[in-house]
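The structure file my_file_38.cif is reproduced below (mmCIF, C-alpha atoms).
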```cif
data_my_file
loop_
_atom_site.label_atom_id
_atom_site.label_comp_id
_atom_site.auth_asym_id
_atom_site.auth_seq_id
_atom_site.Cartn_x
_atom_site.Cartn_y
_atom_site.Cartn_z
CA MET A 1 -2.16 6.68 -108.25
CA ARG A 2 -0.45 9.99 -108.81
CA PRO A 3 -2.26 12.92 -107.19
CA GLU A 4 -2.84 14.64 -110.52
CA TYR A 5 -4.90 11.66 -111.63
CA ALA A 6 -7.14 11.66 -108.57
CA LEU A 7 -10.88 11.61 -109.14
CA PRO A 8 -13.23 13.43 -109.16
CA MET A 9 -11.75 15.65 -111.86
CA ALA A 10 -13.19 18.66 -113.67
CA ALA A 11 -14.43 17.67 -117.10
CA SER A 12 -13.03 20.89 -118.52
CA LEU A 13 -9.59 19.31 -118.12
CA LEU A 14 -10.60 16.32 -120.21
CA ILE A 15 -12.84 17.45 -123.05
CA PRO A 16 -12.60 20.31 -125.56
CA HIS A 17 -16.16 21.53 -125.01
CA ARG A 18 -16.57 24.85 -123.26
CA ALA A 19 -19.51 26.73 -121.78
CA PRO A 20 -22.29 26.96 -122.64
CA MET A 21 -22.03 23.74 -124.65
CA ARG A 22 -20.12 21.82 -122.00
CA LEU A 23 -22.89 19.94 -120.22
CA VAL A 24 -20.75 17.69 -118.03
CA ASP A 25 -19.11 19.14 -114.93
CA THR A 26 -17.07 16.39 -113.32
CA LEU A 27 -15.72 12.93 -114.00
CA LEU A 28 -16.54 11.10 -110.79
CA SER A 29 -15.18 7.62 -111.37
CA VAL A 30 -13.85 5.26 -113.99
CA HIS A 31 -14.05 1.52 -114.34
CA ALA A 32 -13.08 -0.95 -117.00
CA GLY A 33 -14.35 0.54 -120.23
CA GLY A 34 -16.38 3.37 -118.80
CA GLY A 35 -17.08 5.93 -116.15
CA VAL A 36 -19.58 8.14 -114.35
CA THR A 37 -19.93 11.90 -114.61
CA GLU A 38 -21.93 14.55 -112.82
CA SER A 39 -23.83 17.46 -114.33
CA VAL A 40 -25.70 20.27 -112.59
CA LEU A 41 -26.94 22.72 -115.17
CA PRO A 42 -27.76 26.24 -113.99
CA ARG A 43 -31.02 28.08 -114.62
CA THR A 44 -29.05 30.25 -117.02
CA SER A 45 -28.14 27.25 -119.19
CA MET A 46 -29.17 27.59 -122.81
CA MET A 47 -30.80 24.19 -122.33
CA ALA A 48 -33.18 25.42 -119.61
CA ASP A 49 -36.49 27.09 -120.38
CA GLY A 50 -38.14 29.80 -118.29
CA GLY A 51 -39.48 27.21 -115.88
CA GLY A 52 -36.10 25.58 -115.51
CA ARG A 53 -36.91 22.45 -117.49
CA LEU A 54 -34.02 21.02 -119.46
CA ASP A 55 -34.36 20.28 -123.14
CA GLU A 56 -34.47 16.54 -123.78
CA VAL A 57 -31.72 16.77 -126.40
CA ALA A 58 -29.26 17.57 -123.59
CA PHE A 59 -29.24 13.94 -122.44
CA MET A 60 -27.76 12.71 -125.72
CA GLU A 61 -24.93 15.20 -125.42
CA MET A 62 -24.34 14.30 -121.78
CA ILE A 63 -23.71 10.70 -122.78
CA ALA A 64 -21.36 11.77 -125.58
CA GLN A 65 -19.43 14.21 -123.39
CA SER A 66 -19.24 11.73 -120.54
CA TYR A 67 -17.58 9.18 -122.74
CA ALA A 68 -15.24 11.85 -124.08
CA ALA A 69 -14.33 12.70 -120.49
CA PHE A 70 -13.66 9.06 -119.69
CA LYS A 71 -11.54 8.71 -122.80
CA GLY A 72 -9.73 11.96 -122.04
CA TYR A 73 -8.94 10.68 -118.57
CA MET A 74 -7.54 7.43 -119.90
CA ASP A 75 -5.40 9.42 -122.34
CA LEU A 76 -4.17 11.55 -119.46
CA VAL A 77 -3.22 8.54 -117.39
CA GLU A 78 -1.37 7.10 -120.37
CA GLY A 79 0.55 10.34 -120.79
CA LYS A 80 -1.14 11.28 -124.07
CA PRO A 81 -2.89 14.57 -124.90
CA ALA A 82 -6.62 14.32 -124.46
CA GLY A 83 -8.13 13.60 -127.87
CA GLY A 84 -11.28 15.23 -129.14
CA GLY A 85 -14.12 13.52 -130.88
CA PHE A 86 -17.50 13.78 -132.51
CA LEU A 87 -20.88 12.24 -132.04
CA VAL A 88 -21.39 10.51 -135.38
CA GLY A 89 -24.42 8.38 -134.69
CA VAL A 90 -27.21 7.37 -132.38
CA ARG A 91 -28.46 3.84 -132.67
CA ARG A 92 -31.24 4.65 -130.25
CA LEU A 93 -31.86 6.98 -127.38
CA GLU A 94 -34.97 6.73 -125.25
CA VAL A 95 -36.00 9.66 -123.09
CA THR A 96 -37.97 8.28 -120.17
CA GLY A 97 -37.98 11.15 -117.73
CA ARG A 98 -37.39 14.83 -117.29
CA ALA A 99 -34.88 16.96 -115.49
CA ASP A 100 -34.65 20.54 -114.37
CA ALA A 101 -31.88 23.02 -113.93
CA GLY A 102 -30.23 22.44 -110.58
CA ASP A 103 -30.86 18.69 -110.64
CA ARG A 104 -27.82 16.50 -109.98
CA LEU A 105 -27.61 14.25 -113.03
CA LEU A 106 -25.30 11.27 -113.16
CA THR A 107 -24.33 9.85 -116.53
CA SER A 108 -22.90 6.35 -116.75
CA VAL A 109 -21.14 5.22 -119.90
CA ARG A 110 -19.38 2.08 -120.96
CA THR A 111 -17.76 0.89 -124.14
CA GLY A 112 -19.84 -1.50 -126.18
CA THR A 113 -17.40 -2.07 -128.97
CA SER A 114 -14.56 -0.06 -130.43
CA PHE A 115 -12.94 -0.32 -133.83
CA GLY A 116 -10.58 1.99 -135.62
CA GLY A 117 -11.25 5.43 -134.24
CA PHE A 118 -14.88 4.62 -133.46
CA ALA A 119 -16.58 3.56 -130.26
CA VAL A 120 -20.10 2.31 -129.69
CA VAL A 121 -21.12 3.53 -126.27
CA LEU A 122 -23.90 2.47 -123.94
CA GLY A 123 -25.05 5.28 -121.69
CA SER A 124 -27.70 6.32 -119.25
CA VAL A 125 -28.59 9.51 -117.43
CA THR A 126 -30.16 9.31 -114.00
CA ARG A 127 -31.67 11.77 -111.56
CA GLY A 128 -31.65 10.19 -108.15
CA ASP A 129 -33.08 6.74 -108.65
CA GLU A 130 -34.88 7.68 -111.85
CA ALA A 131 -33.45 6.97 -115.30
CA VAL A 132 -34.26 9.94 -117.51
CA ALA A 133 -32.56 8.71 -120.68
CA SER A 134 -30.59 5.76 -121.98
CA GLY A 135 -29.28 4.59 -125.26
CA ILE A 136 -26.51 3.59 -127.59
CA ILE A 137 -24.45 6.15 -129.46
CA LYS A 138 -21.46 6.07 -131.77
CA LEU A 139 -18.48 8.38 -131.42
CA TRP A 140 -15.45 9.08 -133.51
CA LEU A 141 -12.47 9.72 -131.28
CA ALA A 142 -9.33 11.51 -132.35
CA GLU A 143 -6.15 9.78 -131.37
CA ASP A 144 -4.34 13.02 -130.60
CA GLY A 145 -5.54 16.37 -129.25
CA ARG A 146 -7.67 18.51 -131.49
CA MET B 1 -38.58 28.40 -124.64
CA ASN B 2 -34.90 28.00 -123.92
CA ALA B 3 -32.12 30.13 -125.37
CA LEU B 4 -30.97 27.45 -127.76
CA ARG B 5 -34.41 27.14 -129.35
CA ARG B 6 -34.73 30.92 -129.56
CA GLY B 7 -31.40 31.00 -131.36
CA ILE B 8 -32.48 28.27 -133.74
CA ARG B 9 -35.71 30.07 -134.63
CA ALA B 10 -33.79 33.30 -135.16
CA SER B 11 -31.53 31.45 -137.61
CA ALA B 12 -34.33 30.55 -140.00
CA ALA B 13 -33.48 31.81 -143.47
CA GLY B 14 -36.81 31.18 -145.12
CA GLU B 15 -40.43 30.39 -144.54
CA ILE B 16 -41.76 26.99 -143.59
CA ALA B 17 -42.58 25.12 -146.79
CA ARG B 18 -45.02 22.24 -146.88
CA THR B 19 -43.70 20.13 -149.70
CA GLY B 20 -46.22 17.32 -149.39
CA PRO B 21 -49.04 16.09 -147.18
CA GLU B 22 -46.55 14.93 -144.53
CA THR B 23 -43.36 16.74 -145.46
CA VAL B 24 -42.03 20.09 -144.30
CA ALA B 25 -38.87 21.98 -145.19
CA ARG B 26 -37.09 25.14 -144.16
CA ARG B 27 -33.71 26.76 -144.70
CA TYR B 28 -31.48 27.96 -141.88
CA ARG B 29 -28.24 29.86 -141.67
CA PHE B 30 -26.41 29.67 -138.34
CA ALA B 31 -24.21 32.73 -137.96
CA PRO B 32 -20.82 32.58 -136.23
CA GLY B 33 -22.39 34.21 -133.16
CA PHE B 34 -25.18 31.62 -132.91
CA ILE B 35 -25.32 30.31 -129.35
CA GLY B 36 -25.14 26.70 -130.50
CA PHE B 37 -21.58 27.21 -131.71
CA SER B 38 -20.45 28.62 -128.37
CA GLY B 39 -17.93 26.29 -126.83
CA HIS B 40 -18.23 23.68 -129.58
CA PHE B 41 -15.39 24.07 -130.21
CA PRO B 42 -13.27 27.15 -129.42
CA GLY B 43 -11.57 28.18 -132.64
CA ASP B 44 -13.17 25.32 -134.57
CA PRO B 45 -16.95 25.85 -134.53
CA ILE B 46 -19.09 22.90 -135.57
CA LEU B 47 -22.86 22.68 -135.23
CA PRO B 48 -23.41 20.13 -132.44
CA ALA B 49 -25.46 17.05 -133.23
CA ILE B 50 -27.92 17.91 -130.48
CA VAL B 51 -28.51 21.30 -132.06
CA GLN B 52 -29.31 19.56 -135.34
CA VAL B 53 -31.85 17.38 -133.54
CA CYS B 54 -33.20 20.35 -131.62
CA ALA B 55 -33.65 22.30 -134.85
CA VAL B 56 -35.93 19.59 -136.21
CA VAL B 57 -37.95 19.48 -132.99
CA SER B 58 -38.22 23.27 -133.06
CA LEU B 59 -39.35 23.29 -136.68
CA ALA B 60 -41.94 20.58 -136.01
CA GLU B 61 -43.28 22.59 -133.08
CA GLU B 62 -43.51 25.73 -135.17
CA GLU B 63 -45.21 23.94 -138.02
CA SER B 64 -47.73 22.16 -135.81
CA GLY B 65 -48.23 24.98 -133.34
CA LYS B 66 -47.93 22.46 -130.51
CA ALA B 67 -45.24 21.79 -127.94
CA LEU B 68 -43.59 18.42 -128.46
CA ARG B 69 -41.60 16.28 -126.12
CA LEU B 70 -38.72 14.36 -127.64
CA ALA B 71 -39.19 10.75 -126.59
CA ALA B 72 -36.60 8.97 -128.74
CA VAL B 73 -33.86 9.38 -131.31
CA ARG B 74 -33.21 6.46 -133.61
CA SER B 75 -30.86 5.54 -136.43
CA ALA B 76 -29.09 8.88 -136.41
CA LYS B 77 -26.12 9.52 -138.66
CA PHE B 78 -24.16 12.76 -138.50
CA LEU B 79 -22.20 12.52 -141.71
CA SER B 80 -20.36 15.78 -142.16
CA PRO B 81 -19.67 18.85 -140.01
CA ILE B 82 -21.85 21.93 -140.44
CA ARG B 83 -19.93 25.19 -140.16
CA PRO B 84 -21.06 28.76 -139.45
CA ASP B 85 -22.88 30.61 -142.23
CA GLU B 86 -23.56 27.48 -144.27
CA GLU B 87 -27.09 27.26 -145.61
CA VAL B 88 -28.72 24.25 -144.03
CA SER B 89 -31.88 22.73 -145.47
CA ILE B 90 -33.97 20.85 -142.98
CA ARG B 91 -36.61 18.52 -144.30
CA TYR B 92 -38.78 16.09 -142.42
CA ARG B 93 -41.67 13.73 -142.91
CA ARG B 94 -43.98 13.26 -139.96
CA ARG B 95 -46.31 10.30 -139.73
CA VAL B 96 -48.07 8.03 -137.30
CA ASP B 97 -46.74 4.47 -137.29
CA SER B 98 -48.20 1.87 -134.95
CA GLY B 99 -49.58 4.69 -132.85
CA GLU B 100 -46.22 6.42 -132.59
CA ASP B 101 -45.64 10.00 -133.69
CA ILE B 102 -42.60 9.57 -135.96
CA CYS B 103 -40.50 12.19 -137.70
CA ASP B 104 -37.91 11.21 -140.34
CA ALA B 105 -35.53 14.12 -140.83
CA THR B 106 -32.57 15.10 -142.95
CA LEU B 107 -30.27 18.08 -142.88
CA SER B 108 -28.39 18.94 -146.03
CA VAL B 109 -25.78 21.48 -147.05
CA ALA B 110 -25.25 22.32 -150.73
CA GLY B 111 -27.39 19.37 -151.71
CA LYS B 112 -25.37 16.91 -149.69
CA THR B 113 -26.90 15.10 -146.74
CA ALA B 114 -25.14 16.16 -143.55
CA ALA B 115 -27.35 14.29 -141.11
CA ALA B 116 -30.31 11.94 -141.05
CA PHE B 117 -32.28 10.60 -138.13
CA GLN B 118 -35.64 9.49 -136.88
CA LEU B 119 -37.36 11.10 -133.91
CA ARG B 120 -40.31 9.97 -131.87
CA PHE B 121 -42.43 12.61 -130.20
CA ALA B 122 -44.67 12.49 -127.19
CA GLY B 123 -47.20 15.29 -127.33
CA GLU B 124 -47.75 17.82 -124.61
CA GLU B 125 -50.78 19.91 -123.92
CA SER B 126 -49.13 23.13 -122.86
CA PRO B 127 -46.63 25.09 -124.93
CA ARG B 128 -43.23 25.65 -123.40
#
```

Before we go any further, please render this structure as structure tokens.
Amino acid sequence: MRPEYALPMAASLLIPHRAPMRLVDTLLSVHAGGGVTESVLPRTSMMADGGGRLDEVAFMEMIAQSYAAFKGYMDLVEGKPAGGGFLVGVRRLEVTGRADAGDRLLTSVRTGTSFGGFAVVLGSVTRGDEAVASGIIKLWLAEDGR
Amino acid sequence: MNALRRGIRASAAGEIARTGPETVARRYRFAPGFIGFSGHFPGDPILPAIVQVCAVVSLAEEESGKALRLAAVRSAKFLSPIRPDEEVSIRYRRRVDSGEDICDATLSVAGKTAAAFQLRFAGEESPR
């Protein structure tokens, strides 16, 4: 593998989101149809309250951004500009735990199905051994950079 | 309360209206400087889906006067992008179904549905 494709890789190189709305820090690994990212949100994050607790809505976005990072990486490897995308649906997302600023959160995503410019994505967010959220979302992915 | 929720509350453009025994509505206008547009995306601001969900949670908390924990999002469709300064009408119906605290919500712009989803809440005793 060429050095410029080595993982881990900063998510900012792969997705169009920027602070403070970029909630994924690093693409750690990829596998067939998916990948794993890392997020460590600071106390100053707009998603953290005064006690440091993260808003539950953040987990949905972490799954969406993680898949966008995976897709951006695959575009990069294929020599294409990283495409953007939108979260267009959530079939279901269950929040089963909580997380705080400073926690190391790992988000795993994999492609369920893809058709046209759409992808149905299965994702989960974990903190240590604990799953804090999991679900199935639908993304629209641009074929070329936005 | 986190900065996103403070920004959402500050973007309210009208009072909370109770339009039925279980239904609540309110208008919002998210200015270009609203924190939820920051970084999403540079030069092409679009109201993130999670901000749309968060706005409903925030409104439900304000209306009920109780902190709520989001336990699930179901059957969500984000149909059209919401841009800065558009007037957004949020409407929801909250009910108990099989013991679950359910909230069916829609966001509309100029009379057109921009998003629709169902939330499930788990109550909390202490406000955040």

*asked:* Give me, as a ChimeraX atom specification, the residues of chain A touching chain B, with the criterion being at most 10 Å (counting only C-alpha atoms).
replied: /A:16-22,44-61,84,86-98,133-138,146

Selected residues written out, C-alpha atoms, as a PDB file, in the frame of the given file:
```
ATOM      1  CA  PRO A  16     -12.600  20.310-125.560  1.00  0.00           C
ATOM      2  CA  HIS A  17     -16.160  21.530-125.010  1.00  0.00           C
ATOM      3  CA  ARG A  18     -16.570  24.850-123.260  1.00  0.00           C
ATOM      4  CA  ALA A  19     -19.510  26.730-121.780  1.00  0.00           C
ATOM      5  CA  PRO A  20     -22.290  26.960-122.640  1.00  0.00           C
ATOM      6  CA  MET A  21     -22.030  23.740-124.650  1.00  0.00           C
ATOM      7  CA  ARG A  22     -20.120  21.820-122.000  1.00  0.00           C
ATOM      8  CA  THR A  44     -29.050  30.250-117.020  1.00  0.00           C
ATOM      9  CA  SER A  45     -28.140  27.250-119.190  1.00  0.00           C
ATOM     10  CA  MET A  46     -29.170  27.590-122.810  1.00  0.00           C
ATOM     11  CA  MET A  47     -30.800  24.190-122.330  1.00  0.00           C
ATOM     12  CA  ALA A  48     -33.180  25.420-119.610  1.00  0.00           C
ATOM     13  CA  ASP A  49     -36.490  27.090-120.380  1.00  0.00           C
ATOM     14  CA  GLY A  50     -38.140  29.800-118.290  1.00  0.00           C
ATOM     15  CA  GLY A  51     -39.480  27.210-115.880  1.00  0.00           C
ATOM     16  CA  GLY A  52     -36.100  25.580-115.510  1.00  0.00           C
ATOM     17  CA  ARG A  53     -36.910  22.450-117.490  1.00  0.00           C
ATOM     18  CA  LEU A  54     -34.020  21.020-119.460  1.00  0.00           C
ATOM     19  CA  ASP A  55     -34.360  20.280-123.140  1.00  0.00           C
ATOM     20  CA  GLU A  56     -34.470  16.540-123.780  1.00  0.00           C
ATOM     21  CA  VAL A  57     -31.720  16.770-126.400  1.00  0.00           C
ATOM     22  CA  ALA A  58     -29.260  17.570-123.590  1.00  0.00           C
ATOM     23  CA  PHE A  59     -29.240  13.940-122.440  1.00  0.00           C
ATOM     24  CA  MET A  60     -27.760  12.710-125.720  1.00  0.00           C
ATOM     25  CA  GLU A  61     -24.930  15.200-125.420  1.00  0.00           C
ATOM     26  CA  GLY A  84     -11.280  15.230-129.140  1.00  0.00           C
ATOM     27  CA  PHE A  86     -17.500  13.780-132.510  1.00  0.00           C
ATOM     28  CA  LEU A  87     -20.880  12.240-132.040  1.00  0.00           C
ATOM     29  CA  VAL A  88     -21.390  10.510-135.380  1.00  0.00           C
ATOM     30  CA  GLY A  89     -24.420   8.380-134.690  1.00  0.00           C
ATOM     31  CA  VAL A  90     -27.210   7.370-132.380  1.00  0.00           C
ATOM     32  CA  ARG A  91     -28.460   3.840-132.670  1.00  0.00           C
ATOM     33  CA  ARG A  92     -31.240   4.650-130.250  1.00  0.00           C
ATOM     34  CA  LEU A  93     -31.860   6.980-127.380  1.00  0.00           C
ATOM     35  CA  GLU A  94     -34.970   6.730-125.250  1.00  0.00           C
ATOM     36  CA  VAL A  95     -36.000   9.660-123.090  1.00  0.00           C
ATOM     37  CA  THR A  96     -37.970   8.280-120.170  1.00  0.00           C
ATOM     38  CA  GLY A  97     -37.980  11.150-117.730  1.00  0.00           C
ATOM     39  CA  ARG A  98     -37.390  14.830-117.290  1.00  0.00           C
ATOM     40  CA  ALA A 133     -32.560   8.710-120.680  1.00  0.00           C
ATOM     41  CA  SER A 134     -30.590   5.760-121.980  1.00  0.00           C
ATOM     42  CA  GLY A 135     -29.280   4.590-125.260  1.00  0.00           C
ATOM     43  CA  ILE A 136     -26.510   3.590-127.590  1.00  0.00           C
ATOM     44  CA  ILE A 137     -24.450   6.150-129.460  1.00  0.00           C
ATOM     45  CA  LYS A 138     -21.460   6.070-131.770  1.00  0.00           C
ATOM     46  CA  ARG A 146      -7.670  18.510-131.490  1.00  0.00           C
TER      47      ARG A 146
END
```

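You will find atom CA of A:Arg110 at 18.1 Å from atom CA of A:Asp25.
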
*Which of these, B:Ile16, B:Ala67, B:Arg26, B:Phe121, has the shortest distance to B:Ile102 once you count all atoms listed in the file?*
B:Phe121

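Across the structure, atom CA of B:Ile90 and atom CA of A:Ile63 are spaced 24.8 Å apart.
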
*Hey, what comes out of the PyMOL selection byres ((chain A and resi 116-125) around 8) on this file? Could you write it as a VMD selection string?*
chain A and resid 59 62 to 63 67 105 to 115 126 to 127 131 to 143

Show me, as a compact mmCIF listing (two decimals) with C-alpha atoms, keeping the file's coordinate frame, the residues that have an atom within 8 Å of B:Arg27 when counting all atoms listed in the file, minus same-chain residues fewer than 2 positions from it.
```
# COMPACT_ATOMS: atom_id res chain seq x y z
CA ALA B 12 -34.33 30.55 -140.00
CA ALA B 13 -33.48 31.81 -143.47
CA GLY B 14 -36.81 31.18 -145.12
CA GLU B 15 -40.43 30.39 -144.54
CA ALA B 25 -38.87 21.98 -145.19
CA ARG B 29 -28.24 29.86 -141.67
CA GLU B 87 -27.09 27.26 -145.61
CA VAL B 88 -28.72 24.25 -144.03
CA SER B 89 -31.88 22.73 -145.47
CA ILE B 90 -33.97 20.85 -142.98
```

*Interatomic distance (Å, one decimal) between atom CA of A:Ala64 and atom CA of A:Leu23*: 9.9 Å

*asked:* Given the PyMOL selection byres ((chain B and resi 21) around 10) and the file above, list the residues it selects as a PyMOL selection string.
replied: chain B and resi 18-20+22-24+93-95
